[in-house]
Amino acid sequence: MKTLVSSSLRARLTAGLLLGLGLFAAGCASNVNTVSRAEPQAEPNLIADKRVITDNTLANAIRIVSVNEGVASSNLKRIQVTIENRKNSTRTLSYKFEWVDENGMAVSSPNETWKTIRLLGRETTTISTIAVTPRAVDFTLKLRE
Amino acid sequence: MKSLRIKLPLLAAFSAAALFLTGCESTSNTTTIDSKGPESLNTAEINSQDWARAADELVQSLLASSALDNAPAKPAILAVDRVINNTTLSVDTDLLIKKIRVALTQTGKVAVTNTMGLGERAVVAQEAAEMEELSTGKKQKVKAPHYTLYGKLIQQTARDGKKTQNTYTFQMSLIAVKSGLTVWEEEREIAKLTKRASVGW
């Protein structure tokens, strides 16, 4: 009798486990798989960055992987930030780049706007900007959910 | 004492009702928001955030292409050609063009001419040149543009049950006047998915 009960319990546990795994797998349905060159030929100019975190939930969900700096149109600074969604669910993120000139003054532009981006589960993507004036030397990237 | 016992629940009920009614009362209020911020209203149409985003992405694409670096003079003289609005929206295309003009002028790579292109401004500039010519007796030399900027807005609408998707396409081309060749082209899309609310009881 004891054997019968334990085998029935085991069957229920197994069914529960399988159901849980099924639900877990369904939850991962929006995740992204990628493939790329094993030894990249690109040589990004990665720069050191300073981070100020006021929203820990956001910082845990979205990771800043790297900040790449370049030049566009011969004299305009160009920034590309690689971000990663560390969660399995799709997340919507708002971001905005702001520029500062060599005197530390903010450089305003009519196109300086909050942009929205959707990241699928575990997706890594890039967001970028080009300064609209050669006077712009530093940038700040603001992120919010 | 007994009357106090009866009155207390009544008093509590009245207080609760008063609080409830106060809670229901709503007054209209207006808040100043960042027109390009996340708080701006998101509708099926093109909102201020969309205009700014489209303009920014088009400008960034143009700058990244380095098309303006090959201009015969610096800053390159740019004339804004037509921007065709093929959407169902009655919008002023200056909402896009002005942002692009301001950003390109800020780069120092472009000077926008007003002596040709968009009607009203071109007339004013022409009249100013004529007046200058009359007063000084010298024929004003109007600089011919090196490039013209041409744009088009397109709207595509798709429906599936209660869902409607409006896709707005912002197309832009930069044409070298002398050669007539398109030196830069870009297309940006903003898609809006609207779900119609279901009626419930």
# chains A, B, ... in the order shown; residues from 1 in each chain; ligands from 1
$ closest_atom_pairs --of "chain B" --to "chain A" --cutoff "10 Å" --atoms "only C-alpha atoms" --output "tab-separated table"
residue	atom	partner	partner_atom	distance
B:Asp34	CA	A:Thr113	CA	9.2
B:Ser35	CA	A:Thr113	CA	8.8
B:Lys36	CA	A:Thr113	CA	5.2
B:Gly37	CA	A:Trp114	CA	5.3
B:Pro38	CA	A:Trp114	CA	6.5
B:Glu39	CA	A:Trp114	CA	9.8
B:Ser48	CA	A:Thr113	CA	9.6
B:Gln49	CA	A:Thr113	CA	6.9
B:Asp50	CA	A:Lys115	CA	8.8
B:Trp51	CA	A:Asn111	CA	8.6
B:Ala52	CA	A:Asn111	CA	4.9
B:Arg53	CA	A:Asn111	CA	6.7
B:Ala54	CA	A:Asn111	CA	8.7
B:Ala55	CA	A:Asn111	CA	6.5
B:Asp56	CA	A:Asn111	CA	5.1
B:Glu57	CA	A:Thr129	CA	8.7
B:Val59	CA	A:Val132	CA	8.6
B:Gln60	CA	A:Ile130	CA	6.0
B:Ser61	CA	A:Ile130	CA	9.1
B:Leu62	CA	A:Ser73	CA	8.9
B:Leu63	CA	A:Ser73	CA	5.5
B:Ala64	CA	A:Ala72	CA	5.3
B:Ser65	CA	A:Ser73	CA	7.2
B:Ser66	CA	A:Ser73	CA	4.6
B:Ala67	CA	A:Ser73	CA	7.9
B:Leu68	CA	A:Ser73	CA	7.6
B:Asp69	CA	A:Ser73	CA	6.4
B:Asn70	CA	A:Ser73	CA	10.0
B:Leu96	CA	A:Asn111	CA	9.8
B:Lys98	CA	A:Pro110	CA	9.0
B:Lys99	CA	A:Pro110	CA	5.9
B:Ile100	CA	A:Asn111	CA	8.2
B:Arg101	CA	A:Pro110	CA	9.9
B:Val102	CA	A:Pro110	CA	7.3
B:Ala103	CA	A:Val132	CA	6.0
B:Leu104	CA	A:Val132	CA	7.2
B:Thr105	CA	A:Val132	CA	8.7
B:Gln106	CA	A:Thr133	CA	5.6
B:Thr107	CA	A:Thr133	CA	4.4
B:Gly108	CA	A:Thr133	CA	7.1
B:Lys109	CA	A:Ser73	CA	9.2
$ residues_around --residues "stretch 153-155 of chain B" --least-positions-apart "5" --cutoff "7 Å" --atoms "only C-alpha atoms" --output "VMD selection string"
chain B and resid 84 to 87 166 to 171
$ closest_residue --among "B:Asp160, B:Leu58, B:Glu130, B:Asp94" --to "B:Glu187" --atoms "only C-alpha atoms"
B:Leu58
$ closest_residue --among "B:Gln165, B:Thr148, B:Thr157, B:Asn47" --to "B:Asn114" --atoms "only C-alpha atoms"
B:Thr148
$ select_by_dssp --residues "stretch 40-78 of chain B" --states "alpha helix (DSSP H)" --output "list in words"
Ser48, Gln49, Asp50, Trp51, Ala52, Arg53, Ala54, Ala55, Asp56, Glu57, Leu58, Val59, Gln60, Ser61, Leu62, Leu63, Ala64 and Ser65 of chain B
$ residues_around --residues "stretch 42-48 of chain A" --least-positions-apart "4" --cutoff "9 Å" --atoms "only C-alpha atoms" --output "list in words"
Ser66, Val67, Asn68, Glu69 and Gly70 of chain A
$ residues_around --residues "A:Leu120" --least-positions-apart "6" --cutoff "8 Å" --atoms "only C-alpha atoms" --output "mmCIF file with N, CA and C atoms, in the first residue's frame"
data_model
loop_
_atom_site.group_PDB
_atom_site.id
_atom_site.type_symbol
_atom_site.label_atom_id
_atom_site.label_comp_id
_atom_site.auth_asym_id
_atom_site.auth_seq_id
_atom_site.Cartn_x
_atom_site.Cartn_y
_atom_site.Cartn_z
ATOM 1 N N SER A 30 10.095 34.335 -25.897
ATOM 2 C CA SER A 30 10.496 35.576 -26.574
ATOM 3 C C SER A 30 12.010 35.765 -26.551
ATOM 4 N N ASN A 31 12.732 34.795 -26.024
ATOM 5 C CA ASN A 31 14.184 34.956 -25.936
ATOM 6 C C ASN A 31 14.844 34.889 -27.308
ATOM 7 N N VAL A 32 16.039 35.454 -27.366
ATOM 8 C CA VAL A 32 16.735 35.569 -28.648
ATOM 9 C C VAL A 32 17.996 34.716 -28.639
ATOM 10 N N ASN A 85 19.415 42.855 -22.253
ATOM 11 C CA ASN A 85 18.272 42.534 -21.388
ATOM 12 C C ASN A 85 18.624 41.257 -20.625
ATOM 13 N N ASN A 88 14.233 37.218 -18.976
ATOM 14 C CA ASN A 88 13.679 36.375 -20.027
ATOM 15 C C ASN A 88 12.465 37.006 -20.708
ATOM 16 N N SER A 89 11.936 38.050 -20.125
ATOM 17 C CA SER A 89 10.743 38.678 -20.692
ATOM 18 C C SER A 89 11.122 39.900 -21.544
ATOM 19 N N THR A 90 10.228 40.252 -22.444
ATOM 20 C CA THR A 90 10.443 41.444 -23.275
ATOM 21 C C THR A 90 10.325 42.690 -22.393
ATOM 22 N N ARG A 91 11.228 43.624 -22.562
ATOM 23 C CA ARG A 91 11.198 44.852 -21.752
ATOM 24 C C ARG A 91 11.235 46.072 -22.660
#
$ atom_distance --atom1 "atom CA of B:Gln156" --atom2 "atom CA of A:Thr125"
27.2 Å
$ closest_residue --among "A:Asp138, A:Ser36, A:Lys50, A:Arg118" --to "A:Thr92" --atoms "only C-alpha atoms"
A:Arg118
$ atom_distance --atom1 "atom CA of A:Ala61" --atom2 "atom CA of A:Thr126"
15.6 Å
$ closest_residue --among "B:Leu149, B:Ala191, B:Leu78, B:Leu134" --to "B:Leu174" --atoms "only C-alpha atoms"
B:Leu149
$ decode --residues "stretch 75-117 of chain B" --atoms "N, CA and C atoms" --output "PDB file, in the first residue's frame"
ATOM      1  N   PRO B  75      30.236  75.924 -45.547  1.00  0.00           N
ATOM      2  CA  PRO B  75      29.180  74.924 -45.490  1.00  0.00           C
ATOM      3  C   PRO B  75      28.496  74.730 -46.843  1.00  0.00           C
ATOM      4  N   ALA B  76      27.968  73.560 -47.039  1.00  0.00           N
ATOM      5  CA  ALA B  76      27.257  73.263 -48.283  1.00  0.00           C
ATOM      6  C   ALA B  76      25.925  74.006 -48.266  1.00  0.00           C
ATOM      7  N   ILE B  77      25.529  74.512 -49.425  1.00  0.00           N
ATOM      8  CA  ILE B  77      24.249  75.235 -49.480  1.00  0.00           C
ATOM      9  C   ILE B  77      23.138  74.256 -49.845  1.00  0.00           C
ATOM     10  N   LEU B  78      22.147  74.283 -48.994  1.00  0.00           N
ATOM     11  CA  LEU B  78      21.058  73.307 -49.114  1.00  0.00           C
ATOM     12  C   LEU B  78      19.733  74.021 -49.330  1.00  0.00           C
ATOM     13  N   ALA B  79      18.976  73.540 -50.292  1.00  0.00           N
ATOM     14  CA  ALA B  79      17.623  74.057 -50.494  1.00  0.00           C
ATOM     15  C   ALA B  79      16.642  72.948 -50.142  1.00  0.00           C
ATOM     16  N   VAL B  80      15.612  73.332 -49.414  1.00  0.00           N
ATOM     17  CA  VAL B  80      14.613  72.320 -49.045  1.00  0.00           C
ATOM     18  C   VAL B  80      13.547  72.270 -50.132  1.00  0.00           C
ATOM     19  N   ASP B  81      13.462  71.140 -50.754  1.00  0.00           N
ATOM     20  CA  ASP B  81      12.460  70.920 -51.800  1.00  0.00           C
ATOM     21  C   ASP B  81      11.141  70.544 -51.123  1.00  0.00           C
ATOM     22  N   ARG B  82      10.250  69.988 -51.863  1.00  0.00           N
ATOM     23  CA  ARG B  82       8.946  69.629 -51.308  1.00  0.00           C
ATOM     24  C   ARG B  82       9.041  68.468 -50.324  1.00  0.00           C
ATOM     25  N   VAL B  83       8.082  68.449 -49.404  1.00  0.00           N
ATOM     26  CA  VAL B  83       7.868  67.272 -48.561  1.00  0.00           C
ATOM     27  C   VAL B  83       6.414  66.874 -48.787  1.00  0.00           C
ATOM     28  N   ILE B  84       6.238  65.769 -49.451  1.00  0.00           N
ATOM     29  CA  ILE B  84       4.881  65.345 -49.814  1.00  0.00           C
ATOM     30  C   ILE B  84       4.257  64.567 -48.661  1.00  0.00           C
ATOM     31  N   ASN B  85       3.064  64.970 -48.298  1.00  0.00           N
ATOM     32  CA  ASN B  85       2.347  64.285 -47.223  1.00  0.00           C
ATOM     33  C   ASN B  85       1.292  63.359 -47.827  1.00  0.00           C
ATOM     34  N   ASN B  86       1.609  62.080 -47.862  1.00  0.00           N
ATOM     35  CA  ASN B  86       0.664  61.107 -48.416  1.00  0.00           C
ATOM     36  C   ASN B  86      -0.046  60.328 -47.316  1.00  0.00           C
ATOM     37  N   THR B  87      -0.210  60.970 -46.173  1.00  0.00           N
ATOM     38  CA  THR B  87      -0.930  60.325 -45.081  1.00  0.00           C
ATOM     39  C   THR B  87      -2.336  60.910 -45.003  1.00  0.00           C
ATOM     40  N   THR B  88      -3.159  60.312 -44.181  1.00  0.00           N
ATOM     41  CA  THR B  88      -4.519  60.842 -44.009  1.00  0.00           C
ATOM     42  C   THR B  88      -4.520  61.992 -43.007  1.00  0.00           C
ATOM     43  N   LEU B  89      -3.357  62.241 -42.411  1.00  0.00           N
ATOM     44  CA  LEU B  89      -3.260  63.280 -41.389  1.00  0.00           C
ATOM     45  C   LEU B  89      -3.030  64.640 -42.028  1.00  0.00           C
ATOM     46  N   SER B  90      -3.678  65.624 -41.455  1.00  0.00           N
ATOM     47  CA  SER B  90      -3.437  66.992 -41.918  1.00  0.00           C
ATOM     48  C   SER B  90      -2.345  67.577 -41.031  1.00  0.00           C
ATOM     49  N   VAL B  91      -1.112  67.422 -41.468  1.00  0.00           N
ATOM     50  CA  VAL B  91       0.012  67.865 -40.636  1.00  0.00           C
ATOM     51  C   VAL B  91       0.877  68.862 -41.402  1.00  0.00           C
ATOM     52  N   ASP B  92       1.526  69.701 -40.644  1.00  0.00           N
ATOM     53  CA  ASP B  92       2.467  70.644 -41.228  1.00  0.00           C
ATOM     54  C   ASP B  92       3.825  69.944 -41.285  1.00  0.00           C
ATOM     55  N   THR B  93       4.326  69.747 -42.480  1.00  0.00           N
ATOM     56  CA  THR B  93       5.571  68.985 -42.621  1.00  0.00           C
ATOM     57  C   THR B  93       6.784  69.728 -42.069  1.00  0.00           C
ATOM     58  N   ASP B  94       6.581  70.998 -41.708  1.00  0.00           N
ATOM     59  CA  ASP B  94       7.661  71.745 -41.054  1.00  0.00           C
ATOM     60  C   ASP B  94       8.001  71.126 -39.692  1.00  0.00           C
ATOM     61  N   LEU B  95       7.060  70.371 -39.137  1.00  0.00           N
ATOM     62  CA  LEU B  95       7.332  69.679 -37.870  1.00  0.00           C
ATOM     63  C   LEU B  95       8.525  68.740 -38.023  1.00  0.00           C
ATOM     64  N   LEU B  96       8.709  68.244 -39.234  1.00  0.00           N
ATOM     65  CA  LEU B  96       9.851  67.368 -39.509  1.00  0.00           C
ATOM     66  C   LEU B  96      11.020  68.182 -40.063  1.00  0.00           C
ATOM     67  N   ILE B  97      10.707  68.991 -41.076  1.00  0.00           N
ATOM     68  CA  ILE B  97      11.759  69.701 -41.802  1.00  0.00           C
ATOM     69  C   ILE B  97      12.507  70.704 -40.932  1.00  0.00           C
ATOM     70  N   LYS B  98      11.763  71.413 -40.087  1.00  0.00           N
ATOM     71  CA  LYS B  98      12.425  72.422 -39.258  1.00  0.00           C
ATOM     72  C   LYS B  98      13.445  71.773 -38.321  1.00  0.00           C
ATOM     73  N   LYS B  99      13.071  70.641 -37.769  1.00  0.00           N
ATOM     74  CA  LYS B  99      13.989  69.938 -36.855  1.00  0.00           C
ATOM     75  C   LYS B  99      15.243  69.487 -37.605  1.00  0.00           C
ATOM     76  N   ILE B 100      15.056  69.040 -38.830  1.00  0.00           N
ATOM     77  CA  ILE B 100      16.203  68.595 -39.631  1.00  0.00           C
ATOM     78  C   ILE B 100      17.078  69.799 -39.995  1.00  0.00           C
ATOM     79  N   ARG B 101      16.425  70.896 -40.375  1.00  0.00           N
ATOM     80  CA  ARG B 101      17.174  72.111 -40.726  1.00  0.00           C
ATOM     81  C   ARG B 101      17.993  72.614 -39.549  1.00  0.00           C
ATOM     82  N   VAL B 102      17.366  72.670 -38.378  1.00  0.00           N
ATOM     83  CA  VAL B 102      18.065  73.177 -37.182  1.00  0.00           C
ATOM     84  C   VAL B 102      19.264  72.288 -36.862  1.00  0.00           C
ATOM     85  N   ALA B 103      19.049  70.989 -36.884  1.00  0.00           N
ATOM     86  CA  ALA B 103      20.140  70.060 -36.537  1.00  0.00           C
ATOM     87  C   ALA B 103      21.277  70.158 -37.551  1.00  0.00           C
ATOM     88  N   LEU B 104      20.935  70.231 -38.830  1.00  0.00           N
ATOM     89  CA  LEU B 104      21.987  70.294 -39.858  1.00  0.00           C
ATOM     90  C   LEU B 104      22.736  71.619 -39.799  1.00  0.00           C
ATOM     91  N   THR B 105      22.022  72.706 -39.498  1.00  0.00           N
ATOM     92  CA  THR B 105      22.685  74.007 -39.369  1.00  0.00           C
ATOM     93  C   THR B 105      23.629  73.994 -38.172  1.00  0.00           C
ATOM     94  N   GLN B 106      23.195  73.332 -37.084  1.00  0.00           N
ATOM     95  CA  GLN B 106      24.051  73.226 -35.886  1.00  0.00           C
ATOM     96  C   GLN B 106      25.373  72.528 -36.176  1.00  0.00           C
ATOM     97  N   THR B 107      25.364  71.605 -37.116  1.00  0.00           N
ATOM     98  CA  THR B 107      26.600  70.878 -37.420  1.00  0.00           C
ATOM     99  C   THR B 107      27.635  71.780 -38.086  1.00  0.00           C
ATOM    100  N   GLY B 108      27.185  72.871 -38.676  1.00  0.00           N
ATOM    101  CA  GLY B 108      28.099  73.773 -39.377  1.00  0.00           C
ATOM    102  C   GLY B 108      28.441  73.273 -40.770  1.00  0.00           C
ATOM    103  N   LYS B 109      27.852  72.180 -41.159  1.00  0.00           N
ATOM    104  CA  LYS B 109      28.155  71.599 -42.472  1.00  0.00           C
ATOM    105  C   LYS B 109      27.201  72.098 -43.548  1.00  0.00           C
ATOM    106  N   VAL B 110      26.131  72.748 -43.122  1.00  0.00           N
ATOM    107  CA  VAL B 110      25.085  73.127 -44.060  1.00  0.00           C
ATOM    108  C   VAL B 110      24.597  74.541 -43.779  1.00  0.00           C
ATOM    109  N   ALA B 111      24.354  75.295 -44.847  1.00  0.00           N
ATOM    110  CA  ALA B 111      23.649  76.578 -44.732  1.00  0.00           C
ATOM    111  C   ALA B 111      22.421  76.456 -45.628  1.00  0.00           C
ATOM    112  N   VAL B 112      21.273  76.702 -45.051  1.00  0.00           N
ATOM    113  CA  VAL B 112      20.036  76.494 -45.819  1.00  0.00           C
ATOM    114  C   VAL B 112      19.679  77.783 -46.547  1.00  0.00           C
ATOM    115  N   THR B 113      19.499  77.679 -47.852  1.00  0.00           N
ATOM    116  CA  THR B 113      19.110  78.847 -48.635  1.00  0.00           C
ATOM    117  C   THR B 113      17.592  78.983 -48.650  1.00  0.00           C
ATOM    118  N   ASN B 114      17.155  80.257 -48.641  1.00  0.00           N
ATOM    119  CA  ASN B 114      15.711  80.502 -48.683  1.00  0.00           C
ATOM    120  C   ASN B 114      15.296  81.139 -50.003  1.00  0.00           C
ATOM    121  N   THR B 115      16.239  81.251 -50.945  1.00  0.00           N
ATOM    122  CA  THR B 115      15.905  81.913 -52.205  1.00  0.00           C
ATOM    123  C   THR B 115      15.244  80.977 -53.198  1.00  0.00           C
ATOM    124  N   MET B 116      15.180  79.734 -52.838  1.00  0.00           N
ATOM    125  CA  MET B 116      14.416  78.799 -53.679  1.00  0.00           C
ATOM    126  C   MET B 116      13.867  77.700 -52.787  1.00  0.00           C
ATOM    127  N   GLY B 117      12.941  76.964 -53.352  1.00  0.00           N
ATOM    128  CA  GLY B 117      12.342  75.902 -52.554  1.00  0.00           C
ATOM    129  C   GLY B 117      10.984  76.319 -52.045  1.00  0.00           C
TER     130      GLY B 117
END
